[in-house]
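Source file run_27.txt; content: compact mmCIF, C-alpha atoms.
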# COMPACT_ATOMS: atom_id res chain seq x y z
CA MET A 1 -56.61 -10.59 -57.90
CA THR A 2 -53.76 -8.19 -57.26
CA THR A 3 -52.77 -6.84 -53.90
CA LYS A 4 -51.14 -3.56 -53.31
CA SER A 5 -48.27 -3.45 -50.92
CA LYS A 6 -47.11 -0.46 -48.98
CA PRO A 7 -44.15 1.33 -50.49
CA ARG A 8 -40.92 0.51 -48.71
CA LYS A 9 -39.31 3.17 -46.64
CA PRO A 10 -35.69 3.80 -47.54
CA LYS A 11 -33.16 2.41 -45.09
CA ARG A 12 -31.52 4.81 -42.71
CA THR A 13 -28.15 5.43 -44.26
CA LYS A 14 -26.84 8.52 -42.54
CA LYS A 15 -25.60 9.26 -39.08
CA ALA A 16 -25.15 12.74 -37.72
CA ARG A 17 -23.18 13.96 -34.76
CA LEU A 18 -25.17 16.61 -32.95
CA CYS A 19 -23.52 18.97 -30.50
CA LEU A 20 -25.18 20.46 -27.47
CA GLU A 21 -23.53 23.15 -25.42
CA VAL A 22 -24.50 23.30 -21.76
CA GLU A 23 -23.73 25.95 -19.16
CA TYR A 24 -23.74 24.47 -15.67
CA ASN A 25 -22.53 24.96 -12.13
CA PRO A 26 -19.71 22.46 -11.42
CA ALA A 27 -20.58 22.58 -7.71
CA TYR A 28 -23.81 20.70 -8.53
CA ALA A 29 -23.01 18.50 -11.53
CA ASP A 30 -20.25 17.24 -13.76
CA PRO A 31 -20.41 16.72 -17.54
CA GLU A 32 -21.10 12.97 -17.22
CA ASP A 33 -24.06 13.66 -14.91
CA LEU A 34 -25.43 16.11 -17.44
CA ALA A 35 -25.01 13.61 -20.28
CA ASN A 36 -26.94 11.00 -18.27
CA ALA A 37 -29.67 13.53 -17.45
CA HIS A 38 -29.90 14.43 -21.14
CA ASP A 39 -30.30 10.75 -22.04
CA ARG A 40 -33.14 10.34 -19.52
CA LEU A 41 -34.85 13.52 -20.71
CA LEU A 42 -34.63 12.47 -24.37
CA GLU A 43 -35.82 8.94 -23.56
CA THR A 44 -38.85 10.37 -21.75
CA ALA A 45 -39.72 12.73 -24.59
CA LEU A 46 -39.27 10.02 -27.24
CA SER A 47 -41.59 7.64 -25.36
CA THR A 48 -44.51 9.80 -26.50
CA PRO A 49 -46.16 7.81 -29.32
CA GLY A 50 -45.73 9.38 -32.75
CA ILE A 51 -43.58 12.26 -31.51
CA MET A 52 -40.94 11.64 -34.19
CA GLU A 53 -43.16 10.01 -36.82
CA GLU A 54 -42.76 12.86 -39.29
CA TYR A 55 -38.97 12.29 -39.14
CA ASP A 56 -39.28 8.51 -39.77
CA GLU A 57 -38.63 7.61 -36.13
CA PRO A 58 -34.87 8.23 -35.97
CA HIS A 59 -32.79 6.36 -33.39
CA PHE A 60 -30.85 8.50 -30.91
CA GLY A 61 -27.73 7.02 -29.35
CA PRO A 62 -26.44 7.89 -25.90
CA CYS A 63 -25.10 11.33 -25.14
CA HIS A 64 -21.33 11.52 -24.63
CA VAL A 65 -19.16 14.25 -23.21
CA ALA A 66 -17.02 15.72 -25.96
CA SER A 67 -13.42 16.67 -25.47
CA SER A 68 -12.76 20.20 -24.38
CA ASP A 69 -10.29 20.48 -27.26
CA THR A 70 -11.32 22.32 -30.35
CA LEU A 71 -10.82 20.62 -33.69
CA ALA A 72 -8.14 23.12 -34.67
CA GLY A 73 -4.55 23.35 -33.48
CA ARG A 74 -4.27 20.00 -31.68
CA HIS A 75 -1.16 17.88 -31.40
CA LEU A 76 -1.24 14.26 -30.27
CA ASP A 77 1.78 12.16 -29.29
CA LEU A 78 0.82 8.50 -29.39
CA LEU A 79 2.93 5.56 -28.21
CA GLY A 80 5.42 7.87 -26.54
CA GLY A 81 5.88 9.99 -29.68
CA GLN A 82 6.26 7.15 -32.18
CA ILE A 83 3.13 8.47 -33.86
CA GLN A 84 2.47 12.20 -33.91
CA ILE A 85 -0.71 13.70 -35.30
CA ASP A 86 -1.34 17.38 -35.88
CA VAL A 87 -4.90 18.53 -36.51
CA ASP A 88 -5.68 21.94 -37.91
CA GLU A 89 -9.25 22.88 -38.88
CA GLY A 90 -10.37 19.28 -39.42
CA ALA A 91 -7.35 18.22 -41.51
CA ALA A 92 -4.85 15.86 -39.92
CA ASN A 93 -1.22 15.07 -40.72
CA ILE A 94 0.69 12.12 -39.32
CA THR A 95 4.35 11.53 -38.61
CA SER A 96 5.14 7.94 -37.77
CA VAL A 97 8.26 5.99 -36.99
CA LEU A 98 6.50 2.62 -37.04
CA GLN A 99 8.93 0.22 -38.71
CA ARG A 100 8.06 -0.94 -42.19
CA ILE A 101 9.72 -3.94 -43.75
CA ASP A 102 11.83 -2.54 -46.59
CA PRO A 103 12.81 -5.11 -49.20
CA SER A 104 15.48 -2.83 -50.66
CA GLU A 105 17.47 -2.90 -47.42
CA PRO A 106 19.71 -5.95 -46.88
CA ASP A 107 18.44 -6.39 -43.31
CA GLY A 108 14.96 -5.02 -43.97
CA ASN A 109 13.51 -7.99 -45.78
CA GLY A 110 14.01 -10.82 -43.35
CA GLY A 111 16.79 -12.28 -45.47
CA ILE A 112 14.69 -12.99 -48.55
CA GLN A 113 16.25 -12.36 -51.92
CA GLN A 114 15.29 -9.36 -54.04
CA GLU A 115 13.76 -11.56 -56.74
CA PRO A 116 11.71 -14.46 -55.42
CA CYS A 117 13.08 -17.77 -56.57
CA ASP A 118 10.73 -20.23 -54.88
CA ASP A 119 7.29 -20.40 -53.24
CA GLU A 120 8.70 -19.66 -49.77
CA ASP A 121 10.30 -16.40 -50.95
CA VAL A 122 7.05 -15.39 -52.65
CA ASP A 123 5.14 -16.06 -49.41
CA GLU A 124 7.62 -13.98 -47.39
CA ARG A 125 7.35 -11.09 -49.86
CA GLU A 126 3.53 -11.21 -49.64
CA ASN A 127 3.79 -11.19 -45.83
CA TRP A 128 5.84 -7.99 -45.72
CA ARG A 129 3.51 -6.32 -48.21
CA ALA A 130 0.52 -7.28 -46.06
CA TYR A 131 2.29 -6.09 -42.88
CA ASN A 132 3.19 -2.73 -44.44
CA GLY A 133 -0.36 -2.39 -45.77
CA ALA A 134 -1.78 -3.09 -42.32
CA LEU A 135 0.41 -0.35 -40.80
CA ASP A 136 -0.71 2.06 -43.53
CA GLY A 137 -4.33 1.20 -42.75
CA LEU A 138 -3.82 1.72 -39.02
CA GLU A 139 -2.26 5.14 -39.64
CA SER A 140 -5.07 6.11 -42.03
CA LEU A 141 -7.64 5.16 -39.41
CA LEU A 142 -5.84 7.25 -36.78
CA LEU A 143 -5.79 10.24 -39.16
CA ALA A 144 -9.51 9.96 -39.84
CA LEU A 145 -10.34 9.67 -36.13
CA ALA A 146 -8.15 12.66 -35.30
CA ALA A 147 -9.65 14.79 -38.07
CA GLU A 148 -13.16 14.04 -36.77
CA GLY A 149 -12.20 14.95 -33.22
CA VAL A 150 -12.62 11.40 -31.90
CA LEU A 151 -8.97 11.20 -30.82
CA SER A 152 -8.02 13.79 -28.26
CA VAL A 153 -5.69 14.29 -25.35
CA ASP A 154 -8.60 13.24 -23.12
CA ASN A 155 -8.60 9.67 -24.49
CA GLN A 156 -4.93 9.37 -25.42
CA ALA A 157 -4.04 6.67 -22.87
CA GLY A 158 -6.83 4.40 -24.08
CA THR A 159 -5.82 5.08 -27.68
CA ASP A 160 -2.21 4.16 -26.89
CA ARG A 161 -3.34 0.84 -25.39
CA ALA A 162 -5.55 0.09 -28.41
CA ILE A 163 -2.76 0.92 -30.89
CA GLN A 164 -0.26 -1.20 -28.96
CA ALA A 165 -2.70 -4.12 -28.93
CA ALA A 166 -3.18 -3.76 -32.71
CA LEU A 167 0.59 -3.66 -33.25
CA ASN A 168 1.06 -6.73 -31.04
CA ALA A 169 -1.59 -8.58 -33.05
CA LEU A 170 0.17 -7.60 -36.29
CA GLU A 171 3.51 -8.80 -34.97
CA ASN A 172 1.96 -12.14 -33.99
CA GLN A 173 0.24 -12.45 -37.36
CA PHE A 174 3.37 -11.85 -39.38
Take the structure in the file and give it back as C-alpha cells.
Amino acid sequence: MTTKSKPRKPKRTKKARLCLEVEYNPAYADPEDLANAHDRLLETALSTPGIMEEYDEPHFGPCHVASSDTLAGRHLDLLGGQIQIDVDEGAANITSVLQRIDPSEPDGNGGIQQEPCDDEDVDERENWRAYNGALDGLESLLLALAAEGVLSVDNQAGTDRAIQAALNALENQF
C-alpha cells in the first residue's frame, strides 16, 4: 500500500522592503504613531482567515519609520570622522582611518620579524591578518548598510556606539 503525501511548499527565501508614503497632520500624530496604527490595521486585516492564502501566508514584520534622507547624495561621518561614507544613488564609498597592522612597517607589526622564525611569530602574524580582516569586514558591512539606506544621519549616534563596541571587542580579542 502506498500513501501519497502532499507536495512540500518551498521555503520562504526572500524578504522585501515595502515603502508606504503617508500624508498626515503633525498636530494630530507623529510618524511613530502612524507606524503603530499601521501595524494594528494590518494585524486586524490579516486576522481574517485565508485572507493571504493565495500568497502562501506571508509574514509581515513591524512597520518602521524610514529616514527622511533620500538614498542619493548622503554623507555620513562616523566615529567623529574616522569613517566617512558617501552614498550616491544606492552606491556607497568609504574612507576610513581605522588603523591596520602593517607588517612592512617597523613599528606596525608589534615587533615580529618579517619572516616568521618560530610558532609564536607565526601566531602573531595570523593575529594581525585576522584583525585586519575583521576591520575590512566591518567596513564592508557599513558600506552595505549605507547603500541600502539603513544607516542615516537619524541613527548615526547609535551606529557610532555599535561601531565603537565592535572595535573595543576587536581590540580585546587581539
### Task
Within 7 Å of Ser96 in chain A, counting all atoms listed in the file, which residues show up once you throw out same-chain ones fewer than 5 positions away? Write them as an MDAnalysis selection string, please.
chainID A and resid 82:84
For the selection just defined, write its residues with C-alpha atoms to a file, as a PDB file, keeping the file's coordinate frame.
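This is the output file selection_13.pdb:
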ATOM      1  CA  GLN A  82       6.260   7.150 -32.180  1.00  0.00           C
ATOM      2  CA  ILE A  83       3.130   8.470 -33.860  1.00  0.00           C
ATOM      3  CA  GLN A  84       2.470  12.200 -33.910  1.00  0.00           C
TER       4      GLN A  84
END
### Message
Show me, as a list in words, the residues that have an atom within 9 Å of Asp160 in chain A when counting only C-alpha atoms, minus same-chain residues fewer than 6 positions from it.
### Response
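Skipping anything fewer than 6 positions along the chain leaves Leu78, Leu79 and Gly80 of chain A.
A straight line drawn from CA of Ser140 in chain A to CA of His59 in chain A is 29.0 Å long.
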### Within 9 Å of His64 in chain A using only C-alpha atoms, minus same-chain residues under 6 positions, as a count of residues only
4
#### Entry: d(CA of Glu43 in chain A, CA of Gly61 in chain A) in Å
10.1 Å
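The coordinates place CA of Arg40 in chain A at 17.1 Å from CA of Glu21 in chain A.
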### Message
With distances taken over only C-alpha atoms, which residue among A:His75, A:His38, A:Arg100, A:Lys15 lies nearest Gly149 in chain A?
### Response
A:His75
### Query
If we count only C-alpha atoms, what is near Leu42 in chain A at a cut-off of 10 Å, once residues fewer than 5 positions away on the same chain are taken out, given as number ranges by chain?
A: 36-37, 47, 60, 62-63
Got a sec to write range 31-63 of chain A of the block to a file, N, CA, C and O atoms, as a PDB file, in the first residue's frame?
ATOM      1  N   PRO A  31       5.149  60.380  13.140  1.00  0.00           N
ATOM      2  CA  PRO A  31       5.404  59.194  12.322  1.00  0.00           C
ATOM      3  C   PRO A  31       5.368  57.880  13.098  1.00  0.00           C
ATOM      4  O   PRO A  31       4.872  56.875  12.588  1.00  0.00           O
ATOM      5  N   GLU A  32       5.861  57.868  14.338  1.00  0.00           N
ATOM      6  CA  GLU A  32       5.822  56.632  15.131  1.00  0.00           C
ATOM      7  C   GLU A  32       4.391  56.214  15.443  1.00  0.00           C
ATOM      8  O   GLU A  32       4.059  55.029  15.405  1.00  0.00           O
ATOM      9  N   ASP A  33       3.523  57.189  15.756  1.00  0.00           N
ATOM     10  CA  ASP A  33       2.112  56.880  15.989  1.00  0.00           C
ATOM     11  C   ASP A  33       1.488  56.248  14.749  1.00  0.00           C
ATOM     12  O   ASP A  33       0.735  55.287  14.836  1.00  0.00           O
ATOM     13  N   LEU A  34       1.820  56.804  13.593  1.00  0.00           N
ATOM     14  CA  LEU A  34       1.265  56.283  12.349  1.00  0.00           C
ATOM     15  C   LEU A  34       1.780  54.876  12.062  1.00  0.00           C
ATOM     16  O   LEU A  34       1.030  54.021  11.577  1.00  0.00           O
ATOM     17  N   ALA A  35       3.036  54.611  12.366  1.00  0.00           N
ATOM     18  CA  ALA A  35       3.593  53.270  12.167  1.00  0.00           C
ATOM     19  C   ALA A  35       2.874  52.272  13.073  1.00  0.00           C
ATOM     20  O   ALA A  35       2.524  51.167  12.634  1.00  0.00           O
ATOM     21  N   ASN A  36       2.621  52.648  14.315  1.00  0.00           N
ATOM     22  CA  ASN A  36       1.893  51.774  15.237  1.00  0.00           C
ATOM     23  C   ASN A  36       0.465  51.538  14.762  1.00  0.00           C
ATOM     24  O   ASN A  36      -0.047  50.411  14.829  1.00  0.00           O
ATOM     25  N   ALA A  37      -0.195  52.596  14.279  1.00  0.00           N
ATOM     26  CA  ALA A  37      -1.562  52.453  13.769  1.00  0.00           C
ATOM     27  C   ALA A  37      -1.570  51.526  12.547  1.00  0.00           C
ATOM     28  O   ALA A  37      -2.471  50.695  12.390  1.00  0.00           O
ATOM     29  N   HIS A  38      -0.569  51.660  11.702  1.00  0.00           N
ATOM     30  CA  HIS A  38      -0.457  50.785  10.523  1.00  0.00           C
ATOM     31  C   HIS A  38      -0.301  49.325  10.949  1.00  0.00           C
ATOM     32  O   HIS A  38      -0.933  48.435  10.383  1.00  0.00           O
ATOM     33  N   ASP A  39       0.529  49.078  11.962  1.00  0.00           N
ATOM     34  CA  ASP A  39       0.706  47.714  12.465  1.00  0.00           C
ATOM     35  C   ASP A  39      -0.621  47.134  12.959  1.00  0.00           C
ATOM     36  O   ASP A  39      -0.953  45.983  12.659  1.00  0.00           O
ATOM     37  N   ARG A  40      -1.378  47.930  13.723  1.00  0.00           N
ATOM     38  CA  ARG A  40      -2.665  47.451  14.251  1.00  0.00           C
ATOM     39  C   ARG A  40      -3.650  47.177  13.110  1.00  0.00           C
ATOM     40  O   ARG A  40      -4.366  46.176  13.116  1.00  0.00           O
ATOM     41  N   LEU A  41      -3.685  48.070  12.135  1.00  0.00           N
ATOM     42  CA  LEU A  41      -4.583  47.910  10.996  1.00  0.00           C
ATOM     43  C   LEU A  41      -4.236  46.642  10.200  1.00  0.00           C
ATOM     44  O   LEU A  41      -5.118  45.839   9.862  1.00  0.00           O
ATOM     45  N   LEU A  42      -2.967  46.427   9.945  1.00  0.00           N
ATOM     46  CA  LEU A  42      -2.524  45.250   9.204  1.00  0.00           C
ATOM     47  C   LEU A  42      -2.805  43.972   9.999  1.00  0.00           C
ATOM     48  O   LEU A  42      -3.269  42.972   9.451  1.00  0.00           O
ATOM     49  N   GLU A  43      -2.544  44.019  11.300  1.00  0.00           N
ATOM     50  CA  GLU A  43      -2.810  42.859  12.159  1.00  0.00           C
ATOM     51  C   GLU A  43      -4.295  42.490  12.133  1.00  0.00           C
ATOM     52  O   GLU A  43      -4.660  41.310  12.043  1.00  0.00           O
ATOM     53  N   THR A  44      -5.154  43.498  12.175  1.00  0.00           N
ATOM     54  CA  THR A  44      -6.597  43.253  12.128  1.00  0.00           C
ATOM     55  C   THR A  44      -6.997  42.637  10.795  1.00  0.00           C
ATOM     56  O   THR A  44      -7.722  41.642  10.743  1.00  0.00           O
ATOM     57  N   ALA A  45      -6.512  43.193   9.711  1.00  0.00           N
ATOM     58  CA  ALA A  45      -6.852  42.670   8.386  1.00  0.00           C
ATOM     59  C   ALA A  45      -6.330  41.245   8.202  1.00  0.00           C
ATOM     60  O   ALA A  45      -7.028  40.380   7.661  1.00  0.00           O
ATOM     61  N   LEU A  46      -5.110  40.976   8.671  1.00  0.00           N
ATOM     62  CA  LEU A  46      -4.516  39.650   8.496  1.00  0.00           C
ATOM     63  C   LEU A  46      -5.134  38.597   9.405  1.00  0.00           C
ATOM     64  O   LEU A  46      -4.913  37.393   9.203  1.00  0.00           O
ATOM     65  N   SER A  47      -5.922  39.011  10.398  1.00  0.00           N
ATOM     66  CA  SER A  47      -6.562  38.033  11.277  1.00  0.00           C
ATOM     67  C   SER A  47      -7.749  37.363  10.589  1.00  0.00           C
ATOM     68  O   SER A  47      -8.281  36.378  11.092  1.00  0.00           O
ATOM     69  N   THR A  48      -8.154  37.870   9.435  1.00  0.00           N
ATOM     70  CA  THR A  48      -9.230  37.245   8.665  1.00  0.00           C
ATOM     71  C   THR A  48      -8.715  35.934   8.086  1.00  0.00           C
ATOM     72  O   THR A  48      -7.737  35.934   7.329  1.00  0.00           O
ATOM     73  N   PRO A  49      -9.327  34.808   8.437  1.00  0.00           N
ATOM     74  CA  PRO A  49      -8.834  33.507   7.953  1.00  0.00           C
ATOM     75  C   PRO A  49      -8.796  33.443   6.428  1.00  0.00           C
ATOM     76  O   PRO A  49      -9.736  33.843   5.748  1.00  0.00           O
ATOM     77  N   GLY A  50      -7.653  32.971   5.916  1.00  0.00           N
ATOM     78  CA  GLY A  50      -7.486  32.755   4.479  1.00  0.00           C
ATOM     79  C   GLY A  50      -7.255  33.990   3.647  1.00  0.00           C
ATOM     80  O   GLY A  50      -7.139  33.900   2.426  1.00  0.00           O
ATOM     81  N   ILE A  51      -7.177  35.165   4.281  1.00  0.00           N
ATOM     82  CA  ILE A  51      -7.066  36.412   3.511  1.00  0.00           C
ATOM     83  C   ILE A  51      -5.790  36.453   2.645  1.00  0.00           C
ATOM     84  O   ILE A  51      -5.795  37.022   1.571  1.00  0.00           O
ATOM     85  N   MET A  52      -4.736  35.814   3.095  1.00  0.00           N
ATOM     86  CA  MET A  52      -3.481  35.834   2.333  1.00  0.00           C
ATOM     87  C   MET A  52      -3.101  34.441   1.811  1.00  0.00           C
ATOM     88  O   MET A  52      -1.979  34.222   1.396  1.00  0.00           O
ATOM     89  N   GLU A  53      -4.053  33.517   1.829  1.00  0.00           N
ATOM     90  CA  GLU A  53      -3.767  32.142   1.433  1.00  0.00           C
ATOM     91  C   GLU A  53      -3.188  32.050   0.019  1.00  0.00           C
ATOM     92  O   GLU A  53      -2.244  31.303  -0.230  1.00  0.00           O
ATOM     93  N   GLU A  54      -3.740  32.807  -0.904  1.00  0.00           N
ATOM     94  CA  GLU A  54      -3.243  32.741  -2.283  1.00  0.00           C
ATOM     95  C   GLU A  54      -1.810  33.256  -2.422  1.00  0.00           C
ATOM     96  O   GLU A  54      -1.156  33.022  -3.432  1.00  0.00           O
ATOM     97  N   TYR A  55      -1.285  33.918  -1.400  1.00  0.00           N
ATOM     98  CA  TYR A  55       0.099  34.415  -1.406  1.00  0.00           C
ATOM     99  C   TYR A  55       0.997  33.582  -0.497  1.00  0.00           C
ATOM    100  O   TYR A  55       2.096  33.994  -0.144  1.00  0.00           O
ATOM    101  N   ASP A  56       0.518  32.407  -0.073  1.00  0.00           N
ATOM    102  CA  ASP A  56       1.256  31.483   0.796  1.00  0.00           C
ATOM    103  C   ASP A  56       1.490  32.064   2.186  1.00  0.00           C
ATOM    104  O   ASP A  56       2.526  31.867   2.793  1.00  0.00           O
ATOM    105  N   GLU A  57       0.517  32.809   2.672  1.00  0.00           N
ATOM    106  CA  GLU A  57       0.539  33.340   4.040  1.00  0.00           C
ATOM    107  C   GLU A  57       1.854  34.017   4.415  1.00  0.00           C
ATOM    108  O   GLU A  57       2.560  33.583   5.324  1.00  0.00           O
ATOM    109  N   PRO A  58       2.227  35.090   3.733  1.00  0.00           N
ATOM    110  CA  PRO A  58       3.488  35.764   4.073  1.00  0.00           C
ATOM    111  C   PRO A  58       3.442  36.357   5.481  1.00  0.00           C
ATOM    112  O   PRO A  58       2.373  36.628   6.023  1.00  0.00           O
ATOM    113  N   HIS A  59       4.609  36.517   6.067  1.00  0.00           N
ATOM    114  CA  HIS A  59       4.735  37.118   7.393  1.00  0.00           C
ATOM    115  C   HIS A  59       5.114  38.587   7.218  1.00  0.00           C
ATOM    116  O   HIS A  59       6.065  38.911   6.518  1.00  0.00           O
ATOM    117  N   PHE A  60       4.382  39.475   7.849  1.00  0.00           N
ATOM    118  CA  PHE A  60       4.683  40.905   7.802  1.00  0.00           C
ATOM    119  C   PHE A  60       5.320  41.308   9.121  1.00  0.00           C
ATOM    120  O   PHE A  60       4.761  41.044  10.186  1.00  0.00           O
ATOM    121  N   GLY A  61       6.474  41.954   9.048  1.00  0.00           N
ATOM    122  CA  GLY A  61       7.131  42.463  10.235  1.00  0.00           C
ATOM    123  C   GLY A  61       6.539  43.803  10.624  1.00  0.00           C
ATOM    124  O   GLY A  61       5.646  44.331   9.953  1.00  0.00           O
ATOM    125  N   PRO A  62       7.035  44.376  11.712  1.00  0.00           N
ATOM    126  CA  PRO A  62       6.505  45.665  12.159  1.00  0.00           C
ATOM    127  C   PRO A  62       6.873  46.790  11.196  1.00  0.00           C
ATOM    128  O   PRO A  62       7.859  46.722  10.472  1.00  0.00           O
ATOM    129  N   CYS A  63       6.053  47.799  11.197  1.00  0.00           N
ATOM    130  CA  CYS A  63       6.276  48.980  10.377  1.00  0.00           C
ATOM    131  C   CYS A  63       7.270  49.893  11.108  1.00  0.00           C
ATOM    132  O   CYS A  63       7.180  50.084  12.314  1.00  0.00           O
TER     133      CYS A  63
END
